[in-house]
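Worksheet for the structure shown next.
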Amino acid sequence: MIIDSHAHLEMERFDEDRENVIKRAVDSGIEIILSVGNAEPEKGSMEKAIELSEKYDFIYTSVGIHPHDAKIFNDKYLHKIIDYCDNPNVIAIGEIGLDFYYDLSPRDAQRGVFRDLLIMAKEKKKPIIIHSRDANRETEEILKEYYKDNEVGGILHCFSGDLKLAEEGINLGLYISFSGVITFKKAEDLRDIARKLDRKWILVETDSPYLAPHPYRGKRNEPSYVIEVAKKLAEVRGESFEEVAKYTSLNFRKLFKM
């Protein structure tokens with residue numbers, strides 16, 4: 001059994017066969033899926049993710065605003081997120097953070113939303129799910145300032161940062177989640193980081209429908225493919241697949257007190 005710590009099952013790309021995708025995940029031994037409901041906020045993705053979590057007892061969700069959408073963030077979204085935190089299936093705030101690669105929202109807006117939601121997450125005592133791309137040092141600085149001394153931790157999801165960010169994140173109680181990127185030919189730097197980390201801070205994810213691992217690269221990703229991520233992680237670290245599946249699942253359960 002294994003856990004997909006980050007997927008987007010609510011997205012339109014799963015509308016035609018979502019139930020089959022979920023069945024394949026179960027048949028493959030996926031015991032829990034965290035479906036992150038914050039992309040495309042105008043399309044009701046948070047609501048769709050919560051509906052999925054209420055339909056399937058092994059699907060949980062989180063709520064937040066992706067840095068791409070920081071430009072449209074306002075009090076309406078903030079209060080919506082606050083209200084959804086009372087739902088028992090909402091176990092985290094995210095994904096939130098900084099994306100200076102695409103810069104789809106102004107950087108000042110991204111910084112402001114990130115800070116606001118970190119403060120709210122601390123108040124609500126919810127773990128955080130962090131998106132950071134090409135923003136290692138600023139992510140680190142904001143986390144140190146606004147999330148230090150937190151009691152609940154969180155996840156640096158789809159990790160693509162450097163070793164310093166991973167180590168600083170761990171110091172703040174954040175788990176490092178590896179995605180299908182770890183299987184990509186040019187990701188040797190990321191694999192080197194994966195070799196160096198203590199297993200008690202590692203998670204695996206798909207970030208589906210994005211970033212399908214080899215041998216599915218170029219196709220739509222889905223939760224059952226998290227097995228390929230775990231296999232590559234096992235190969236890189238000189239461990240068995242069973243070991244990786246066990247300790248990443250235990251780490252997830254520890255973070256979310258399951």
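Numbering starts fresh at 1 for the residues of each chain in the structure tokens, the chains themselves are lettered A, B, ... in the order given, and ligands are numbered from 1 as they appear.
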At most 9 Å is the cut-off: for each residue in range 89-193 of chain A with any atom that close to an atom of range 48-64 of chain A, write down the nearest atom pair and the distance in Å rounded to one decimal, counting only C-alpha atoms, chain first then increasing number, as a Markdown table.
```
| residue | atom | partner | partner_atom | distance |
| --- | --- | --- | --- | --- |
| A:Asn89 | CA | A:Tyr60 | CA | 5.3 |
| A:Val90 | CA | A:Thr61 | CA | 4.9 |
| A:Ile91 | CA | A:Ser62 | CA | 5.7 |
| A:Ala92 | CA | A:Ser62 | CA | 4.6 |
| A:Ile93 | CA | A:Val63 | CA | 5.1 |
| A:Gly94 | CA | A:Gly64 | CA | 4.4 |
| A:Glu95 | CA | A:Gly64 | CA | 5.6 |
| A:Ile96 | CA | A:Gly64 | CA | 6.2 |
| A:Leu117 | CA | A:Gly64 | CA | 7.7 |
| A:Ile128 | CA | A:Ser62 | CA | 8.8 |
| A:Ile129 | CA | A:Ser62 | CA | 8.3 |
```
Taking only C-alpha atoms into account, produce a table as JSON lines in which each residue of range 175-194 of chain A with an atom at most 9 Å from an atom of range 222-228 of chain A appears once, together with its shortest atom pair and the distance in Å to one decimal, ordered by chain and rising number.
```
{"residue": "A:Ser179", "atom": "CA", "partner": "A:Val226", "partner_atom": "CA", "distance": 7.7}
{"residue": "A:Gly180", "atom": "CA", "partner": "A:Glu228", "partner_atom": "CA", "distance": 7.5}
{"residue": "A:Thr183", "atom": "CA", "partner": "A:Glu228", "partner_atom": "CA", "distance": 8.1}
```
- Looking at A:Thr248, A:Ser240, A:Asn150, A:Asn221, which one is nearest to Asp198 in chain A, with distances taken over only C-alpha atoms?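 Nearest candidate to Asp198 in chain A out of A:Thr248, A:Ser240, A:Asn150, A:Asn221: A:Thr248.
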- Task: Assign secondary structure with DSSP using the backbone only, and return the residues of range 105-236 of chain A in alpha helix (DSSP H) as a ChimeraX atom specification.
- Result: /A:107-124,136-146,163-171,188-196,226-236
- Would you mind listing what lies within 9 Å of Val204 in chain A as a list of chain:residue names, with only C-alpha atoms counted and same-chain residues fewer than 4 positions away left out? A:Ile2, A:Ile3, A:Asp4, A:Ser5, A:His6, A:His157, A:Cys158, A:Ile176, A:Ser177, A:Phe178, A:Ser179, A:Gly180, A:Val226, A:Ile227, A:Val229, A:Ala230, A:Leu233, A:Val244, A:Ala245, A:Thr248, A:Ser249
- Query: If you count only C-alpha atoms, which residues fall within 12 Å of Asp15 in chain A, apart from same-chain ones fewer than 6 positions away, as a PyMOL selection string?
  - Reply: chain A and resi 8-9+21-22+48+209
- Query: Of the candidates A:Tyr247, A:Tyr77, A:Tyr210, A:Phe256, which shows the shortest atom-to-atom distance to Ile155 in chain A, using only C-alpha atoms?
  - Reply: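 Looking at the shortest contact to Ile155 in chain A, the residue is A:Phe256.
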